[in-house]
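*Asks:* So here's final_7.cif (mmCIF, C-alpha atoms).
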data_query
loop_
_atom_site.label_atom_id
_atom_site.label_comp_id
_atom_site.auth_asym_id
_atom_site.auth_seq_id
_atom_site.Cartn_x
_atom_site.Cartn_y
_atom_site.Cartn_z
CA MET A 165 236.51 195.65 257.75
CA LYS A 166 237.50 198.62 255.60
CA THR A 167 234.04 200.04 256.15
CA ILE A 168 234.62 199.84 259.91
CA TYR A 169 237.97 201.57 259.49
CA ILE A 170 236.32 204.44 257.57
CA MET A 171 233.60 204.56 260.21
CA GLN A 172 236.16 204.83 263.02
CA LYS A 173 237.95 207.59 261.13
CA GLU A 174 234.69 209.48 260.69
CA ILE A 175 233.81 209.06 264.35
CA ARG A 176 237.21 210.35 265.42
CA GLU A 177 236.91 213.31 263.08
CA SER A 178 233.25 214.20 263.51
CA VAL A 179 231.91 212.75 266.73
CA LEU A 180 234.79 212.75 269.20
CA THR A 181 235.63 216.38 268.54
CA PRO A 182 234.68 219.65 270.21
CA LYS A 183 232.16 220.19 267.38
CA GLY A 184 230.60 216.78 267.89
CA PHE A 185 230.41 217.16 271.65
CA LEU A 186 228.96 220.62 271.29
CA TRP A 187 226.08 219.04 269.33
CA TYR A 188 225.48 216.56 272.12
CA ILE A 189 225.66 219.20 274.84
CA LEU A 190 223.20 221.36 272.87
CA THR A 191 220.94 218.36 272.27
CA SER A 192 220.96 217.66 275.97
CA ILE A 193 220.28 221.31 276.87
CA ILE A 194 217.36 221.52 274.43
CA LEU A 195 215.91 218.29 275.80
CA SER A 196 216.37 219.62 279.35
CA VAL A 197 214.50 222.82 278.50
CA LEU A 198 211.71 220.94 276.72
CA SER A 199 211.25 218.40 279.52
CA TYR A 200 211.26 221.08 282.18
CA LEU A 201 208.82 223.19 280.17
CA PHE A 202 206.46 220.27 279.63
CA LEU A 203 206.51 219.27 283.25
CA THR A 204 206.25 222.69 284.88
CA ASN A 205 204.25 224.90 282.59
CA SER A 206 200.80 225.48 283.99
CA GLU A 207 198.85 223.93 281.17
CA LEU A 208 201.39 221.66 279.57
CA SER A 209 202.24 220.05 282.89
CA LEU A 210 198.73 218.66 282.81
CA LEU A 211 199.18 217.08 279.43
CA ASP A 212 198.95 213.34 279.37
CA GLN A 213 202.31 211.70 279.82
CA GLY A 214 201.72 209.92 276.53
CA GLN A 215 201.35 213.29 274.82
CA MET A 216 204.61 214.56 276.34
CA LEU A 217 206.41 211.35 275.41
CA TYR A 218 205.10 211.69 271.86
CA MET A 219 206.33 215.30 271.59
CA ILE A 220 209.82 214.44 272.88
CA MET A 221 209.97 211.46 270.49
CA ASN A 222 209.09 213.73 267.56
CA PHE A 223 211.77 216.18 268.57
CA VAL A 224 214.45 213.50 268.96
CA THR A 225 213.55 212.02 265.57
CA ALA A 226 213.68 215.44 263.91
CA LEU A 227 217.05 216.12 265.52
CA GLY A 228 218.39 212.76 264.35
CA ILE A 229 217.24 213.52 260.80
CA LEU A 230 218.72 217.03 260.86
CA ILE A 231 222.13 215.94 262.08
CA GLY A 232 222.03 213.01 259.64
CA LEU A 233 221.38 215.44 256.79
CA ILE A 234 224.28 217.65 257.89
CA PHE A 235 226.58 214.61 258.15
CA GLY A 236 225.44 213.54 254.70
CA ALA A 237 225.91 216.97 253.13
CA ASP A 238 229.46 217.08 254.47
CA ALA A 239 230.32 213.51 253.51
CA PHE A 240 231.70 213.97 249.99
CA ALA A 241 231.32 217.67 249.21
CA GLY A 242 233.14 218.48 252.47
CA GLU A 243 235.98 216.11 251.57
CA ILE A 244 236.24 217.74 248.13
CA GLU A 245 236.33 221.26 249.60
CA ARG A 246 238.93 220.24 252.19
CA GLY A 247 240.97 218.59 249.42
CA THR A 248 240.95 215.19 251.15
CA LEU A 249 238.72 213.19 248.79
CA GLU A 250 241.52 212.41 246.35
CA SER A 251 243.64 210.71 248.98
CA LEU A 252 240.57 208.85 250.24
CA LEU A 253 239.77 207.55 246.77
CA LEU A 254 243.40 206.58 246.19
CA SER A 255 243.40 204.44 249.33
CA PRO A 256 242.60 200.71 248.90
CA VAL A 257 238.97 201.22 249.84
CA ASN A 258 236.23 201.22 247.25
CA LYS A 259 233.70 204.02 247.01
CA THR A 260 230.82 201.97 248.39
CA GLU A 261 232.88 201.07 251.46
CA VAL A 262 233.68 204.75 251.97
CA ALA A 263 229.98 205.60 251.72
CA MET A 264 228.97 202.80 254.10
CA GLY A 265 231.63 203.88 256.60
CA LYS A 266 230.34 207.43 256.54
CA LEU A 267 226.75 206.20 256.86
CA GLY A 268 227.83 204.04 259.80
CA ALA A 269 229.27 207.12 261.51
CA ALA A 270 225.97 208.96 260.96
CA LEU A 271 224.19 206.01 262.56
CA ILE A 272 226.55 206.04 265.55
CA ASN A 273 225.77 209.72 265.88
CA TRP A 274 222.02 208.93 265.89
CA GLY A 275 222.68 206.22 268.49
CA ILE A 276 224.35 208.78 270.76
CA ILE A 277 221.43 211.22 270.37
CA PHE A 278 219.01 208.39 271.11
CA ALA A 279 221.01 207.43 274.23
CA ILE A 280 221.06 211.07 275.37
CA SER A 281 217.27 211.23 275.02
CA LEU A 282 216.56 208.08 277.07
CA PRO A 283 216.78 209.65 280.57
CA TYR A 284 214.44 212.44 279.41
CA LEU A 285 211.94 209.96 278.01
CA PHE A 286 212.00 208.06 281.31
CA VAL A 287 211.61 211.15 283.48
CA VAL A 288 208.83 212.67 281.35
CA CYS A 289 206.88 209.44 281.15
CA LYS A 290 207.53 208.22 284.71
CA GLY A 291 204.76 205.76 285.54
CA GLY A 292 203.04 206.47 282.24
CA GLN A 293 201.82 204.06 279.62
CA ASN A 294 203.59 202.71 276.54
CA LEU A 295 207.05 204.02 277.45
CA LEU A 296 208.85 200.86 276.41
CA PHE A 297 206.87 200.46 273.19
CA GLY A 298 207.57 204.12 272.45
CA ILE A 299 211.32 203.64 272.97
CA VAL A 300 211.39 200.54 270.75
CA TYR A 301 209.53 202.33 267.94
CA LEU A 302 211.75 205.41 268.33
CA ALA A 303 214.88 203.25 268.07
CA ILE A 304 213.67 201.39 264.97
CA LEU A 305 212.03 204.25 263.05
CA GLY A 306 214.69 206.76 264.09
CA THR A 307 217.38 204.43 262.74
CA LEU A 308 215.51 203.89 259.46
CA LEU A 309 214.91 207.63 259.01
CA THR A 310 218.53 208.46 259.82
CA ILE A 311 219.67 205.96 257.17
CA THR A 312 217.12 207.37 254.70
CA PHE A 313 217.96 211.05 255.10
CA SER A 314 221.71 210.59 255.61
CA ALA A 315 222.03 208.31 252.57
CA PHE A 316 219.99 210.70 250.42
CA SER A 317 222.04 213.68 251.58
CA MET A 318 225.31 211.79 250.98
CA GLY A 319 224.18 210.87 247.48
CA LEU A 320 223.31 214.49 246.83
CA SER A 321 226.67 215.58 248.24
CA ALA A 322 228.47 213.15 245.90
CA ARG A 323 226.55 214.45 242.89
CA ILE A 324 226.53 218.21 243.62
CA LYS A 325 230.08 218.35 245.06
CA SER A 326 229.29 221.61 246.82
CA MET A 327 228.93 221.66 250.57
CA LYS A 328 226.88 224.88 250.58
CA ASN A 329 224.40 223.68 247.96
CA SER A 330 224.13 220.23 249.52
CA LEU A 331 223.39 221.82 252.88
CA ILE A 332 220.77 224.20 251.47
CA ILE A 333 218.98 221.42 249.57
CA SER A 334 219.19 219.15 252.61
CA PHE A 335 217.75 221.87 254.78
CA PHE A 336 214.82 222.37 252.39
CA ILE A 337 214.22 218.63 252.41
CA PHE A 338 214.21 218.75 256.19
CA LEU A 339 211.61 221.55 256.14
CA LEU A 340 209.50 219.62 253.64
CA ALA A 341 209.72 216.45 255.72
CA GLY A 342 208.96 218.41 258.89
CA SER A 343 205.88 220.05 257.38
CA PRO A 344 203.45 218.00 259.54
CA ILE A 345 204.84 219.87 262.55
CA PHE A 346 204.01 223.24 260.99
CA LEU A 347 200.64 222.32 259.47
CA SER A 348 197.48 222.24 261.53
CA ALA A 349 195.53 219.03 262.06
CA ALA A 350 192.73 220.47 259.89
CA LEU A 351 195.06 221.02 256.93
CA ARG A 352 196.53 217.57 257.34
CA GLY A 353 193.02 216.13 257.43
CA THR A 354 192.18 217.14 253.85
CA TRP A 355 192.61 214.54 251.09
CA PHE A 356 195.76 216.25 249.85
CA GLY A 357 197.11 216.54 253.39
CA ARG A 358 196.50 212.83 253.97
CA ILE A 359 198.34 211.90 250.79
CA LEU A 360 201.24 214.16 251.80
CA ASP A 361 201.24 212.56 255.25
CA LEU A 362 201.32 209.10 253.74
CA ILE A 363 204.19 209.71 251.33
CA ASN A 364 206.26 211.72 253.82
CA PRO A 365 208.45 209.28 255.80
CA PHE A 366 208.81 211.68 258.74
CA ALA A 367 205.01 212.10 258.91
CA ASP A 368 204.67 208.32 258.77
CA ALA A 369 207.03 208.05 261.73
CA ILE A 370 205.24 210.64 263.88
CA ASN A 371 201.83 209.17 263.00
CA THR A 372 203.17 205.79 264.09
CA PHE A 373 204.40 207.28 267.38
CA ASP A 374 200.97 208.85 267.88
CA SER A 375 199.24 205.57 267.16
CA VAL A 376 201.50 203.56 269.48
CA VAL A 377 201.98 205.94 272.40
CA ILE A 378 198.68 207.82 272.53
CA ASP A 379 196.17 205.51 270.87
CA ASN A 380 197.62 202.23 272.21
CA GLN A 381 197.39 200.59 268.80
CA GLY A 382 199.35 197.44 268.04
CA PHE A 383 201.83 196.61 265.30
CA GLY A 384 199.03 195.59 262.92
CA TYR A 385 198.05 199.25 262.57
CA GLN A 386 201.63 200.33 261.86
CA THR A 387 202.65 197.91 259.12
CA GLY A 388 201.69 200.17 256.19
CA ARG A 389 203.56 203.18 257.49
CA VAL A 390 206.61 201.14 258.56
CA ALA A 391 206.66 199.50 255.12
CA ILE A 392 206.67 202.94 253.45
CA ILE A 393 209.60 204.06 255.65
CA CYS A 394 211.48 200.82 254.81
CA GLY A 395 210.81 201.50 251.12
CA TYR A 396 212.31 204.98 251.41
CA THR A 397 215.32 203.54 253.23
CA LEU A 398 216.01 201.08 250.41
CA LEU A 399 215.46 203.79 247.79
CA SER A 400 217.92 206.13 249.53
CA LEU A 401 220.56 203.40 249.82
CA TRP A 402 220.16 202.68 246.11
CA PHE A 403 220.46 206.42 245.34
CA LEU A 404 223.62 206.63 247.47
CA LYS A 405 225.18 203.61 245.77
CA ARG A 406 224.47 205.00 242.29
CA SER A 407 225.68 208.50 243.19
CA VAL A 408 228.90 207.21 244.75
CA SER A 409 229.65 204.88 241.84
CA ARG A 410 229.69 207.94 239.55
CA LEU A 411 231.85 209.96 241.90
CA GLU A 412 234.99 211.30 240.26
CA MET A 413 237.46 213.99 241.11
CA MET B 698 132.30 248.97 273.33
CA LYS B 699 130.77 245.59 273.76
CA LYS B 700 132.28 244.51 270.48
CA SER B 701 135.69 245.74 271.57
CA SER B 702 135.38 243.96 274.91
CA LEU B 703 134.33 240.80 273.17
CA LEU B 704 137.25 241.04 270.73
CA LEU B 705 139.74 241.63 273.52
CA SER B 706 138.28 238.72 275.47
CA ILE B 707 138.61 236.45 272.44
CA ILE B 708 142.25 237.53 271.90
CA PHE B 709 143.00 237.03 275.59
CA MET B 710 141.41 233.57 275.54
CA ALA B 711 143.32 232.67 272.39
CA ILE B 712 146.59 233.73 274.00
CA ILE B 713 145.84 231.69 277.09
CA VAL B 714 144.94 228.63 275.04
CA ASN B 715 148.09 228.89 272.88
CA TYR B 716 150.45 229.89 275.64
CA THR B 717 152.85 227.18 276.67
CA PRO B 718 154.37 227.96 280.01
CA ALA B 719 158.10 227.43 280.56
CA SER B 720 157.17 223.89 281.38
CA ALA B 721 160.80 222.78 281.82
CA ALA B 722 161.09 225.28 284.59
CA SER B 723 158.14 223.73 286.27
CA ARG B 724 158.92 220.11 285.35
CA ILE B 725 162.68 219.94 285.72
CA ALA B 726 164.97 221.24 288.41
CA VAL B 727 168.73 220.91 288.52
CA THR B 728 171.16 221.32 291.39
CA ILE B 729 174.96 221.27 291.47
CA ASN B 730 177.09 219.92 294.27
CA PRO B 731 179.24 220.87 296.04
CA PRO B 732 178.13 224.51 296.20
CA SER B 733 181.74 225.71 296.43
CA ILE B 734 185.20 224.18 296.05
CA GLN B 735 188.70 225.31 296.91
CA ALA B 736 191.42 223.28 295.23
CA ASN B 737 194.89 223.43 293.72
CA MET B 738 195.97 223.50 290.11
CA GLY B 739 196.35 219.98 288.77
CA ASP B 740 193.76 218.51 291.16
CA THR B 741 190.83 216.55 289.81
CA ILE B 742 187.43 217.41 291.24
CA THR B 743 183.98 216.02 290.50
CA TYR B 744 180.75 217.95 290.28
CA THR B 745 177.52 216.12 290.85
CA GLY B 746 174.41 217.34 289.10
CA THR B 747 171.00 216.18 290.29
CA ILE B 748 168.19 216.59 287.80
CA THR B 749 164.71 216.17 289.20
CA ASN B 750 161.55 215.62 287.23
CA SER B 751 158.81 216.98 289.44
CA SER B 752 155.97 216.43 287.00
CA ASP B 753 153.60 213.50 286.59
CA VAL B 754 154.90 212.69 283.13
CA GLU B 755 158.14 211.15 282.01
CA VAL B 756 160.72 213.46 280.42
CA SER B 757 162.94 212.04 277.74
CA ASN B 758 165.92 212.92 275.57
CA ILE B 759 167.24 215.77 277.61
CA ILE B 760 170.80 217.08 277.51
CA ALA B 761 172.70 218.22 280.55
CA TYR B 762 176.05 219.98 280.32
CA ILE B 763 178.41 221.79 282.62
CA SER B 764 179.72 225.29 282.01
CA LEU B 765 182.53 227.18 283.63
CA ALA B 766 183.08 230.92 283.63
CA ASN B 767 186.23 232.68 284.73
CA ILE B 768 185.34 235.53 287.09
CA THR B 769 188.91 236.49 288.00
CA GLN B 770 189.31 240.27 287.89
CA GLY B 771 190.38 241.22 284.39
CA LYS B 772 190.01 237.70 282.97
CA GLU B 773 186.22 237.44 282.89
CA SER B 774 185.23 235.01 280.15
CA PRO B 775 183.47 231.71 279.57
CA MET B 776 185.91 228.80 279.55
CA ASP B 777 186.50 226.30 276.78
CA LEU B 778 186.44 223.03 278.70
CA GLU B 779 188.46 221.17 276.05
CA ASP B 780 191.35 220.45 278.42
CA TRP B 781 189.35 220.52 281.63
CA SER B 782 186.76 217.84 281.19
CA ALA B 783 186.46 214.83 278.91
CA ASN B 784 182.68 214.52 279.27
CA LYS B 785 181.12 217.93 279.26
CA ALA B 786 177.63 216.91 278.15
CA VAL B 787 175.44 213.91 278.87
CA LYS B 788 172.30 212.80 277.11
CA ILE B 789 169.65 211.46 279.46
CA GLU B 790 167.24 209.04 277.84
CA THR B 791 164.41 209.29 280.36
CA ILE B 792 163.62 210.50 283.84
CA PRO B 793 160.46 208.92 285.24
CA PRO B 794 157.72 211.03 286.86
CA HIS B 795 159.01 212.40 290.18
CA GLY B 796 162.31 210.66 289.52
CA THR B 797 165.87 212.00 289.59
CA TYR B 798 169.00 211.54 287.54
CA GLU B 799 172.43 212.01 289.04
CA GLY B 800 175.29 212.86 286.70
CA LYS B 801 179.00 213.18 287.49
CA TRP B 802 181.30 215.71 285.84
CA PRO B 803 184.96 215.05 286.67
CA MET B 804 187.16 218.04 285.94
CA ARG B 805 190.92 218.57 285.86
CA LEU B 806 191.91 221.99 287.14
CA ILE B 807 194.11 223.46 284.45
CA ASP B 808 194.60 227.07 285.52
CA SER B 809 194.39 229.14 288.68
CA GLY B 810 191.76 231.78 289.36
CA SER B 811 188.16 232.29 290.47
CA TYR B 812 185.46 230.51 288.54
CA VAL B 813 181.78 229.64 288.69
CA ALA B 814 180.43 226.32 287.48
CA TYR B 815 176.83 225.54 286.64
CA ILE B 816 174.86 222.79 284.98
CA THR B 817 172.30 223.49 282.29
CA VAL B 818 169.56 221.13 281.21
CA VAL B 819 168.06 221.45 277.75
CA ASP B 820 164.77 219.80 276.90
CA LYS B 821 164.13 219.80 273.16
CA ASN B 822 160.40 220.09 273.79
CA ASP B 823 160.86 223.32 275.58
CA ASN B 824 162.11 226.78 274.77
CA THR B 825 163.69 227.55 278.08
CA PRO B 826 166.83 225.84 279.37
CA VAL B 827 167.07 225.23 283.07
CA SER B 828 170.25 226.05 284.93
CA SER B 829 171.45 225.21 288.39
CA MET B 830 172.72 227.67 290.94
CA MET B 831 176.36 228.59 290.46
CA SER B 832 179.04 226.73 292.35
CA ARG B 833 182.08 228.83 293.17
CA LEU B 834 185.47 227.36 292.35
CA GLU B 835 188.72 228.82 293.68
CA ILE B 836 191.89 227.34 292.18
CA GLN B 837 195.21 228.10 293.83
CA ARG B 838 198.36 228.31 291.72
CA ILE B 839 201.04 225.82 292.64
CA LEU B 840 204.69 226.42 291.88
CA ARG B 841 206.26 223.13 290.90
CA LEU B 842 210.02 223.48 290.87
CA ASN B 843 210.92 219.86 290.42
CA PRO B 844 208.03 217.90 288.92
CA HIS B 845 208.76 214.21 288.29
CA ASN B 846 212.20 214.83 289.79
CA VAL B 847 213.26 216.28 286.44
CA LEU B 848 215.91 218.68 287.72
CA PRO B 849 218.73 216.15 288.32
CA ILE B 850 218.37 214.99 284.71
CA ALA B 851 217.74 218.46 283.23
CA ILE B 852 220.82 219.94 284.90
CA GLY B 853 222.94 216.84 285.35
CA GLU B 854 222.97 215.42 281.85
CA PRO B 855 224.40 218.43 279.97
CA ILE B 856 227.04 218.73 282.70
CA LEU B 857 227.84 215.02 282.45
CA ILE B 858 228.28 215.22 278.67
CA GLY B 859 230.46 218.30 279.13
CA LEU B 860 232.63 216.41 281.64
CA ILE B 861 233.00 213.43 279.28
CA PHE B 862 234.04 215.82 276.53
CA ALA B 863 236.54 217.53 278.85
CA ALA B 864 238.00 214.14 279.86
CA ILE B 865 238.38 213.06 276.22
CA ALA B 866 239.91 216.42 275.27
CA LEU B 867 242.36 216.12 278.18
CA ARG B 868 243.37 212.59 277.22
CA ARG B 869 243.89 213.71 273.63
CA ARG B 870 246.02 216.60 274.73
CA LYS B 871 248.16 214.18 276.76
CA GLY B 872 248.32 211.90 273.72
CA ILE B 873 246.51 208.99 275.39
CA VAL B 874 243.75 208.66 272.74
#
Kindly present the structure from the file in structure tokens form.
*Replies:*
Amino acid sequence: MKTIYIMQKEIRESVLTPKGFLWYILTSIILSVLSYLFLTNSELSLLDQGQMLYMIMNFVTALGILIGLIFGADAFAGEIERGTLESLLLSPVNKTEVAMGKLGAALINWGIIFAISLPYLFVVCKGGQNLLFGIVYLAILGTLLTITFSAFSMGLSARIKSMKNSLIISFFIFLLAGSPIFLSAALRGTWFGRILDLINPFADAINTFDSVVIDNQGFGYQTGRVAIICGYTLLSLWFLKRSVSRLEM
Amino acid sequence: MKKSSLLLSIIFMAIIVNYTPASAASRIAVTINPPSIQANMGDTITYTGTITNSSDVEVSNIIAYISLANITQGKESPMDLEDWSANKAVKIETIPPHGTYEGKWPMRLIDSGSYVAYITVVDKNDNTPVSSMMSRLEIQRILRLNPHNVLPIAIGEPILIGLIFAAIALRRRKGIV
């Protein structure tokens, strides 16, 4: 109950604000530009719908992770810098409940981004294959990755207690996780690239999207990658719990 | 003189005996249909290649593939058919004596311009590939302003979110939320 109260407070302060809405408007504008580009550009318009769906799914997942990391970086270090953490810790809510409330708000934020992306996914993949499977996998893996990266970033924020440093480290982690987007298929095909792909939860997610949406492969093919992502989620939650339990003013 | 004539005759005979004519050219013929196409970007067309074995012996293990060259002024270059065609080459096991093989090459028209398409047949027992006549391909550019009816979503959704934000901001200002 207290967790829900903290979550509502976070949503009021972070989501239902001009800043929060600006994120959603920008998300929507970027998705509009991408969808229009995919569908009208001379060569890209002839991409398979599965390919376009896959690219939009990757983008939405990356955006969810990025905003989750920013939420996480702000969670405790931001409260410290604004001078509001003391009053929060003095309230009859334990630290874990505070952390879970903030994580819940990050998840609500991901849910809104996911909802914003749905019309684009439908319009890009109109009449195409695997749309519903793609949406289900995006919802599940996007949620797991948001929990993973937000929880890790929150834990970091609680330990470092500096918004700027938390943000910088979170941003580097985002770049590291997003490396499959920057690396060519040939580089990712080497033994080292494959290991990196396997241990990188974001790469596991986009490889799963590829497998489901483009290669029409069933859940049996995805279990290993989904299990790795679940493992990271549990590890991040444990890291958050430990970091928050040591949090002091 | 006689010796020279004899030597030349021997060399000439040796050349004739060892000379293998461009037998593929005589054994295999290939045609491409249709001879010209006018289509729009995004259309899918199909070329038909007919490979005829006009000899009395069977030909086997031959490869036939389609090529496309851009002949648009200023853009002259051979095309990489990666995005255009999924099956660029076919391997033909055998064509019986005086028999024919008909292959289909579906192609998705990716970009506008003037092109020529031709089919080449390669026989590994021969040094000379055989090519068809060139089929001219004219692809018209199409301006798609609203593909998949994307515009209502692409324009409408950011506006809708902006309106929701404005409504919430207004209610807050009035102290309702």
*Asks:* How many Å separate atom CA of Ser196 of chain A from atom CA of Asp368 of chain A?
*Replies:*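 Separation of atom CA of Ser196 of chain A and atom CA of Asp368 of chain A: 26.2 Å.
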*Asks:* For the structure shown, which residues end up in the PyMOL selection byres ((chain B) within 7 of (chain A))? Put them as a CSV table (one decimal) with C-alpha atoms, keeping the file's coordinate frame, please?
*Replies:*
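That gives us part24.csv:
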chain,number,residue,atom,x,y,z
B,739,GLY,CA,196.4,220.0,288.8
B,807,ILE,CA,194.1,223.5,284.4
B,808,ASP,CA,194.6,227.1,285.5
B,841,ARG,CA,206.3,223.1,290.9
B,844,PRO,CA,208.0,217.9,288.9
B,845,HIS,CA,208.8,214.2,288.3
B,847,VAL,CA,213.3,216.3,286.4
B,850,ILE,CA,218.4,215.0,284.7
B,851,ALA,CA,217.7,218.5,283.2
B,854,GLU,CA,223.0,215.4,281.8
B,855,PRO,CA,224.4,218.4,280.0
B,858,ILE,CA,228.3,215.2,278.7
B,859,GLY,CA,230.5,218.3,279.1
B,862,PHE,CA,234.0,215.8,276.5
*Asks:* Please evaluate the PyMOL selection byres ((chain B and resi 783) around 12) against the structure above and give the resulting residues as a PyMOL selection string.
*Replies:* chain B and resi 741+743+762-763+777-782+784-787+801-805
*Asks:* Between B:Ile792, B:Met776, B:Val827, B:Leu765, which one has atoms that come closest to Ser752 of chain B, using all atoms listed in the file?
*Replies:* B:Ile792
*Asks:* Nearest residue to Arg838 of chain B out of B:Ile748, B:Thr797, B:Ala814, B:Gln735, using only C-alpha atoms?
*Replies:*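 Ranked by minimum distance to Arg838 of chain B, first place goes to B:Gln735.
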*Asks:* On this structure, which residues satisfy the PyMOL selection byres ((chain A and resi 237) around 6), written as an MDAnalysis selection string?
*Replies:* chainID A and resid 234:236 238:239 317:318 321 330:331
